[in-house]
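Comments concern the structure below.
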Amino acid sequence: MHLPDGFLNNQMAVSLIAVAGVFLTSAFFKLKQSWFVRVAVVKNKLALADGVSAEAGVSWRWTLTLKGHQRWRLMGVIGALIFAAQMINFPVAQGTSGHFLGGVLAAVVLGPWAGLMVIGLVLIVQSLMFADGGVLALGANIVNMGLVAAVGGYYLYRAGVKFIKLGRFLMIGLTAWLTVVMASLFCALEIGWSGAISFALVIPAMFKIHLLIGLGEAALTVILIKALKLKLYEE
Amino acid sequence: MKNKSTGLPGVRESHSAKAPDKLILAWALFGGGVLSVFASAWPDGLEKVAEAKYFTALAVSHWPGLMPNYAWPGIGPEWLATALAGLAGVLLVFGLFKLIELIIRRA
């Protein structure tokens, strides 16, 4: 579902870059606040957490907390996993393939904001290194697959667990399927609004094929979490 | 690489965060370096819709990327080019998180 450049007009692409930028930045600062601490380094030898007042020879620097270190590491490997899984297209209908997005996987394992960061970074690498997804369309792709699928998917999953009382994994699968369809609808709306093609043509077509692709997403999300024994994120 | 049962069976639930991380990375490398070779070459959902509704031609490229189409440039066999690009991408994403951590620590 990676939009190339050219499907969106410039107004649409640039607005979505701004939206993606704002959310990615705030996600980054949220994570930095909860997982990094500033420690005092005295003569580059002794570090005391927040205890030392301004003395000569004291400098401040950022470091990860123990929990932060674990979470950051997990983000790196989950990002790597999602990148790999996104490469593996699976056939869904004659002549059409789909691939894993990983928004819900990232969000239910890492939390919504870490999930958004991971999907954002994967999309940036795909666009800049592999020309998969346009550079100008990067904002749109981050909005569709990160903001809608990962962050949106996370809150949908939480609401589902709370109000529908389905099992966690049933809910994860259901959300994964829904987010692919949601992301594809956002994608279709952006294309339609840009004037590339009429809404009436693009929306039903995107909707139908992603109903199928979403089934793969649901299965893969649950299988990966179970097989790798990933712990679900707790607030 | 993909020998996932090397971990100590009894300590699976311990606080050692490293073992599962390594397992995940190993699977990522396996996916990017091996399974990616067998990926379907059919167009994905969006590409297919663009074909069916005749707007594929609108696509332009402002930036060719360093390894377009997930193929390591200059490598003959297609499967090898794909496998190398997959491995590179997996390591790049993983490395990027390390890099960000280092940059924050320096700041």
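In the structure tokens, the first chain shown is A, the next is B, and so on; residue numbers restart at 1 for each chain, and ligands run from 1 in the order shown.
Residues of region 79-200 of chain A that DSSP, applied to the backbone, places in strand (DSSP E): Phe90, Pro91, Val92, Ala93, Thr96, Ser97 and Gly98 of chain A.
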So that I can see what lies close to Glu51 (chain B), please list as a short mmCIF file (atom, residue, chain, number, x, y, z; two decimals) with all heavy atoms, in the first residue's frame the residues with an atom at most 12 Å from it, counting only C-alpha atoms and leaving out residues fewer than 4 positions away in the same chain.
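After the write, out_25.cif holds the following:
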```
data_model
loop_
_atom_site.label_atom_id
_atom_site.label_comp_id
_atom_site.auth_asym_id
_atom_site.auth_seq_id
_atom_site.Cartn_x
_atom_site.Cartn_y
_atom_site.Cartn_z
N GLY A 95 -3.20 -12.75 -9.84
CA GLY A 95 -2.52 -11.56 -10.32
C GLY A 95 -2.38 -10.44 -9.31
O GLY A 95 -1.91 -9.36 -9.64
N THR A 96 -2.77 -10.67 -8.07
CA THR A 96 -2.64 -9.63 -7.05
C THR A 96 -2.00 -10.21 -5.80
O THR A 96 -2.34 -11.32 -5.38
CB THR A 96 -4.01 -9.04 -6.66
OG1 THR A 96 -4.72 -8.70 -7.84
CG2 THR A 96 -3.85 -7.81 -5.79
N VAL A 202 -12.09 4.52 -7.20
CA VAL A 202 -10.95 4.06 -6.42
C VAL A 202 -11.38 3.44 -5.08
O VAL A 202 -10.79 2.46 -4.62
CB VAL A 202 -9.91 5.19 -6.23
CG1 VAL A 202 -10.38 6.26 -5.27
CG2 VAL A 202 -8.57 4.62 -5.75
N ALA A 205 -12.70 -0.29 -5.26
CA ALA A 205 -11.63 -1.19 -5.70
C ALA A 205 -10.63 -1.42 -4.57
O ALA A 205 -10.24 -2.57 -4.30
CB ALA A 205 -10.93 -0.59 -6.93
N MET A 206 -10.20 -0.34 -3.91
CA MET A 206 -9.25 -0.48 -2.81
C MET A 206 -9.86 -1.28 -1.67
O MET A 206 -9.22 -2.13 -1.05
CB MET A 206 -8.81 0.91 -2.30
CG MET A 206 -7.82 1.61 -3.18
SD MET A 206 -6.22 0.76 -3.27
CE MET A 206 -5.42 1.40 -1.80
N TRP B 42 3.59 -10.61 -8.04
CA TRP B 42 2.38 -9.92 -8.51
C TRP B 42 2.27 -8.54 -7.87
O TRP B 42 2.75 -8.34 -6.75
CB TRP B 42 1.16 -10.75 -8.15
CG TRP B 42 0.95 -11.91 -9.07
CD1 TRP B 42 1.41 -12.03 -10.35
CD2 TRP B 42 0.23 -13.11 -8.77
NE1 TRP B 42 1.03 -13.24 -10.87
CE2 TRP B 42 0.30 -13.93 -9.94
CE3 TRP B 42 -0.47 -13.59 -7.67
CZ2 TRP B 42 -0.30 -15.18 -10.01
CZ3 TRP B 42 -1.07 -14.83 -7.74
CH2 TRP B 42 -0.98 -15.62 -8.90
N PRO B 43 1.64 -7.60 -8.56
CA PRO B 43 1.48 -6.25 -7.98
C PRO B 43 0.65 -6.31 -6.70
O PRO B 43 -0.20 -7.19 -6.56
CB PRO B 43 0.74 -5.48 -9.07
CG PRO B 43 0.14 -6.52 -9.96
CD PRO B 43 1.05 -7.69 -9.90
N ASP B 44 0.92 -5.41 -5.77
CA ASP B 44 0.15 -5.41 -4.52
C ASP B 44 -1.20 -4.72 -4.73
O ASP B 44 -1.51 -4.28 -5.85
CB ASP B 44 0.97 -4.82 -3.37
CG ASP B 44 1.04 -3.31 -3.40
OD1 ASP B 44 0.40 -2.67 -4.27
OD2 ASP B 44 1.73 -2.74 -2.53
N GLY B 45 -1.99 -4.66 -3.70
CA GLY B 45 -3.36 -4.15 -3.82
C GLY B 45 -3.44 -2.81 -4.51
O GLY B 45 -4.18 -2.64 -5.49
N LEU B 46 -2.65 -1.85 -4.02
CA LEU B 46 -2.70 -0.50 -4.60
C LEU B 46 -2.23 -0.48 -6.05
O LEU B 46 -2.87 0.14 -6.91
CB LEU B 46 -1.85 0.45 -3.75
CG LEU B 46 -1.66 1.87 -4.28
CD1 LEU B 46 -2.99 2.60 -4.42
CD2 LEU B 46 -0.73 2.67 -3.38
N GLU B 47 -1.13 -1.20 -6.34
CA GLU B 47 -0.62 -1.24 -7.71
C GLU B 47 -1.65 -1.85 -8.66
O GLU B 47 -1.83 -1.39 -9.79
CB GLU B 47 0.67 -2.07 -7.77
CG GLU B 47 1.87 -1.39 -7.12
CD GLU B 47 3.01 -2.36 -6.82
OE1 GLU B 47 2.78 -3.60 -6.77
OE2 GLU B 47 4.13 -1.90 -6.61
N PHE B 55 -4.53 4.46 -13.64
CA PHE B 55 -3.76 5.64 -13.24
C PHE B 55 -2.32 5.31 -12.85
O PHE B 55 -1.63 6.14 -12.27
CB PHE B 55 -4.48 6.47 -12.17
CG PHE B 55 -4.77 5.78 -10.86
CD1 PHE B 55 -3.91 5.91 -9.76
CD2 PHE B 55 -5.93 5.02 -10.69
CE1 PHE B 55 -4.20 5.29 -8.55
CE2 PHE B 55 -6.22 4.39 -9.48
CZ PHE B 55 -5.36 4.53 -8.42
N THR B 56 -1.86 4.13 -13.24
CA THR B 56 -0.46 3.76 -12.98
C THR B 56 0.51 4.79 -13.57
O THR B 56 1.53 5.11 -12.97
CB THR B 56 -0.16 2.39 -13.62
OG1 THR B 56 -1.09 1.44 -13.10
CG2 THR B 56 1.25 1.92 -13.29
N ALA B 57 0.14 5.34 -14.74
CA ALA B 57 1.05 6.25 -15.44
C ALA B 57 1.29 7.54 -14.69
O ALA B 57 2.23 8.28 -15.00
CB ALA B 57 0.49 6.55 -16.83
N LEU B 58 0.45 7.84 -13.70
CA LEU B 58 0.66 9.06 -12.92
C LEU B 58 1.89 8.98 -12.02
O LEU B 58 2.42 10.00 -11.58
CB LEU B 58 -0.56 9.33 -12.02
CG LEU B 58 -1.83 9.82 -12.70
CD1 LEU B 58 -2.95 9.93 -11.69
CD2 LEU B 58 -1.58 11.16 -13.37
N ALA B 59 2.33 7.76 -11.72
CA ALA B 59 3.45 7.59 -10.80
C ALA B 59 4.72 8.20 -11.38
O ALA B 59 5.04 8.02 -12.55
CB ALA B 59 3.67 6.11 -10.50
#
```
Run DSSP on the backbone of this structure and report the residues of chain B it assigns to helix (DSSP H, G or I), as JSON, numbers by chain. {"B": [4, 5, 6, 9, 10, 11, 18, 19, 20, 21, 22, 23, 24, 25, 26, 27, 28, 29, 30, 31, 32, 33, 35, 36, 37, 38, 45, 46, 47, 48, 49, 50, 51, 52, 56, 57, 58, 68, 69, 70, 78, 79, 80, 81, 82, 83, 84, 85, 86, 87, 88, 89, 90, 91, 92, 93, 94, 95, 96, 97, 98, 99, 100, 101, 102, 103, 104, 105, 106]}
Contacts of Leu84 (chain B) at 12 Å (only C-alpha atoms; same-chain gap of 2+ positions) as a VMD selection string: (chain A and resid 84) or (chain B and resid 29 to 37 67 70 to 82 86 to 92)
Writing out the chosen residues with N, CA, C and O atoms as a short mmCIF file (atom, residue, chain, number, x, y, z; two decimals), in the first residue's frame:
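Final file, again.cif:
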```
data_model
loop_
_atom_site.label_atom_id
_atom_site.label_comp_id
_atom_site.auth_asym_id
_atom_site.auth_seq_id
_atom_site.Cartn_x
_atom_site.Cartn_y
_atom_site.Cartn_z
N ALA A 84 11.31 -6.98 7.30
CA ALA A 84 11.46 -8.26 6.59
C ALA A 84 10.10 -8.78 6.15
O ALA A 84 9.91 -9.18 5.00
N LEU B 29 16.16 -11.59 10.01
CA LEU B 29 17.20 -11.84 9.01
C LEU B 29 16.82 -12.99 8.10
O LEU B 29 17.05 -12.95 6.89
N PHE B 30 16.20 -14.02 8.68
CA PHE B 30 15.74 -15.15 7.88
C PHE B 30 14.66 -14.70 6.88
O PHE B 30 14.69 -15.06 5.71
N GLY B 31 13.74 -13.88 7.37
CA GLY B 31 12.68 -13.38 6.49
C GLY B 31 13.24 -12.50 5.37
O GLY B 31 12.91 -12.67 4.21
N GLY B 32 14.11 -11.56 5.76
CA GLY B 32 14.65 -10.63 4.77
C GLY B 32 15.64 -11.29 3.83
O GLY B 32 15.74 -10.92 2.66
N GLY B 33 16.39 -12.29 4.33
CA GLY B 33 17.46 -12.88 3.53
C GLY B 33 17.06 -14.14 2.80
O GLY B 33 17.71 -14.52 1.83
N VAL B 34 16.02 -14.83 3.26
CA VAL B 34 15.66 -16.10 2.62
C VAL B 34 14.21 -16.08 2.09
O VAL B 34 13.97 -16.25 0.90
N LEU B 35 13.27 -15.83 3.01
CA LEU B 35 11.86 -15.90 2.58
C LEU B 35 11.54 -14.85 1.52
O LEU B 35 10.69 -15.08 0.66
N SER B 36 12.23 -13.70 1.59
CA SER B 36 11.93 -12.62 0.64
C SER B 36 12.15 -13.06 -0.80
O SER B 36 11.52 -12.54 -1.72
N VAL B 37 13.04 -14.03 -0.99
CA VAL B 37 13.33 -14.51 -2.34
C VAL B 37 12.09 -15.17 -2.95
O VAL B 37 11.90 -15.15 -4.16
N MET B 67 18.82 1.10 -3.59
CA MET B 67 18.59 -0.27 -4.08
C MET B 67 17.15 -0.40 -4.55
O MET B 67 16.33 -0.99 -3.87
N TYR B 70 14.26 -3.50 -4.23
CA TYR B 70 14.85 -4.46 -3.31
C TYR B 70 15.83 -5.39 -3.99
O TYR B 70 15.77 -6.61 -3.84
N ALA B 71 16.71 -4.81 -4.79
CA ALA B 71 17.74 -5.61 -5.44
C ALA B 71 19.08 -4.92 -5.25
O ALA B 71 19.22 -3.74 -5.58
N TRP B 72 20.04 -5.63 -4.71
CA TRP B 72 21.38 -5.07 -4.53
C TRP B 72 21.94 -4.81 -5.92
O TRP B 72 22.01 -5.74 -6.74
N PRO B 73 22.33 -3.56 -6.23
CA PRO B 73 22.72 -3.25 -7.61
C PRO B 73 23.97 -4.01 -8.04
O PRO B 73 24.87 -4.26 -7.23
N GLY B 74 23.99 -4.40 -9.29
CA GLY B 74 25.17 -5.03 -9.87
C GLY B 74 25.34 -6.50 -9.56
O GLY B 74 26.34 -7.09 -9.93
N ILE B 75 24.36 -7.09 -8.89
CA ILE B 75 24.46 -8.52 -8.59
C ILE B 75 23.64 -9.28 -9.64
O ILE B 75 22.46 -8.98 -9.84
N GLY B 76 24.25 -10.24 -10.26
CA GLY B 76 23.61 -10.96 -11.35
C GLY B 76 22.36 -11.73 -10.97
O GLY B 76 21.26 -11.36 -11.37
N PRO B 77 22.53 -12.82 -10.21
CA PRO B 77 21.36 -13.64 -9.92
C PRO B 77 20.33 -12.85 -9.12
O PRO B 77 20.67 -12.23 -8.11
N GLU B 78 19.10 -12.88 -9.59
CA GLU B 78 18.06 -12.06 -8.98
C GLU B 78 17.83 -12.43 -7.52
O GLU B 78 17.66 -11.58 -6.66
N TRP B 79 17.87 -13.75 -7.24
CA TRP B 79 17.59 -14.18 -5.87
C TRP B 79 18.65 -13.66 -4.91
O TRP B 79 18.35 -13.27 -3.79
N LEU B 80 19.89 -13.61 -5.38
CA LEU B 80 20.97 -13.15 -4.52
C LEU B 80 20.86 -11.65 -4.26
O LEU B 80 21.04 -11.17 -3.13
N ALA B 81 20.52 -10.90 -5.31
CA ALA B 81 20.34 -9.45 -5.17
C ALA B 81 19.23 -9.15 -4.17
O ALA B 81 19.35 -8.25 -3.32
N THR B 82 18.13 -9.92 -4.26
CA THR B 82 17.02 -9.73 -3.33
C THR B 82 17.42 -10.08 -1.91
O THR B 82 17.15 -9.33 -0.96
N GLY B 86 17.52 -7.58 1.23
CA GLY B 86 16.71 -7.87 2.41
C GLY B 86 17.54 -7.84 3.68
O GLY B 86 17.14 -7.21 4.67
N LEU B 87 18.69 -8.49 3.64
CA LEU B 87 19.57 -8.49 4.81
C LEU B 87 20.01 -7.07 5.14
O LEU B 87 20.00 -6.64 6.31
N ALA B 88 20.37 -6.31 4.10
CA ALA B 88 20.82 -4.93 4.31
C ALA B 88 19.71 -4.11 4.96
O ALA B 88 19.97 -3.35 5.91
N GLY B 89 18.50 -4.27 4.48
CA GLY B 89 17.39 -3.50 5.02
C GLY B 89 17.11 -3.83 6.48
O GLY B 89 16.90 -2.94 7.30
N VAL B 90 17.11 -5.11 6.79
CA VAL B 90 16.87 -5.54 8.17
C VAL B 90 17.92 -4.95 9.10
O VAL B 90 17.62 -4.38 10.14
N LEU B 91 19.19 -5.06 8.69
CA LEU B 91 20.27 -4.53 9.53
C LEU B 91 20.22 -3.01 9.61
O LEU B 91 20.54 -2.42 10.65
N LEU B 92 19.78 -2.39 8.53
CA LEU B 92 19.70 -0.92 8.51
C LEU B 92 18.64 -0.42 9.51
O LEU B 92 18.88 0.53 10.26
#
```
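The two atoms in question, CA of Gly111 (chain A) and CA of Lys67 (chain A), are spaced 14.0 Å apart.
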Return the neighbours of chain B among the residues of chain A, cut-off 7 Å, counting only C-alpha atoms, as a VMD selection string. chain A and resid 1 4 to 7 61 to 63 70 74 76 to 77 79 to 81 83 to 85 87 to 91 95 to 98 122 128 to 131 134 to 135 205 to 206 209 to 210 228
Closest-contact table, region 1-86 of chain A side, partner region 149-153 of chain A, 12 Å, counting only C-alpha atoms, as JSON lines:
```
{"residue": "A:Met1", "atom": "CA", "partner": "A:Ala149", "partner_atom": "CA", "distance": 11.8}
{"residue": "A:Phe23", "atom": "CA", "partner": "A:Val151", "partner_atom": "CA", "distance": 10.2}
{"residue": "A:Leu24", "atom": "CA", "partner": "A:Val151", "partner_atom": "CA", "distance": 11.2}
{"residue": "A:Ala27", "atom": "CA", "partner": "A:Val151", "partner_atom": "CA", "distance": 10.5}
```
Those same residues - N, CA and C atoms - I'd like them written as a tab-separated table (two decimals), in the first residue's frame.
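What follows is the written file result34.tsv:
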```tsv
chain	number	residue	atom	x	y	z
A	1	MET	N	0.83	-1.22	0.00
A	1	MET	CA	0.00	0.00	0.00
A	1	MET	C	0.86	1.27	0.00
A	23	PHE	N	3.22	14.22	14.46
A	23	PHE	CA	2.96	13.03	15.29
A	23	PHE	C	4.25	12.26	15.58
A	24	LEU	N	5.13	12.16	14.60
A	24	LEU	CA	6.38	11.45	14.84
A	24	LEU	C	7.22	12.17	15.88
A	27	ALA	N	5.67	11.71	19.27
A	27	ALA	CA	5.91	10.33	19.72
A	27	ALA	C	7.33	10.19	20.24
```
Within 6 Å of region 213-226 of chain A, counting only C-alpha atoms, which residues show up once you throw out same-chain ones fewer than 3 positions away? Write them as a ChimeraX atom specification, please. /A:98,100,105,173,176-177,180,210,229-230
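Taking CA of Ser34 (chain A) as the reference point, CA of Ala140 (chain A) is found at 27.7 Å.
The space separating CA of Leu136 (chain A) from CA of His99 (chain A) comes to 21.9 Å.
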Near Val109 (chain A), within 6 Å and counting only C-alpha atoms, which residues show up once chain neighbours fewer than 3 positions away are dropped, as a ChimeraX atom specification? /A:106,232-233
Just write the chosen residues, C-alpha atoms, as a PDB file, in the first residue's frame.
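Saved result, again02.pdb, follows:
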```
ATOM      1  CA  ALA A 106       3.992  -2.930  16.472  1.00  0.00           C
ATOM      2  CA  LEU A 232       1.704  -7.525  24.868  1.00  0.00           C
ATOM      3  CA  TYR A 233       2.220  -3.914  25.855  1.00  0.00           C
TER       4      TYR A 233
END
```
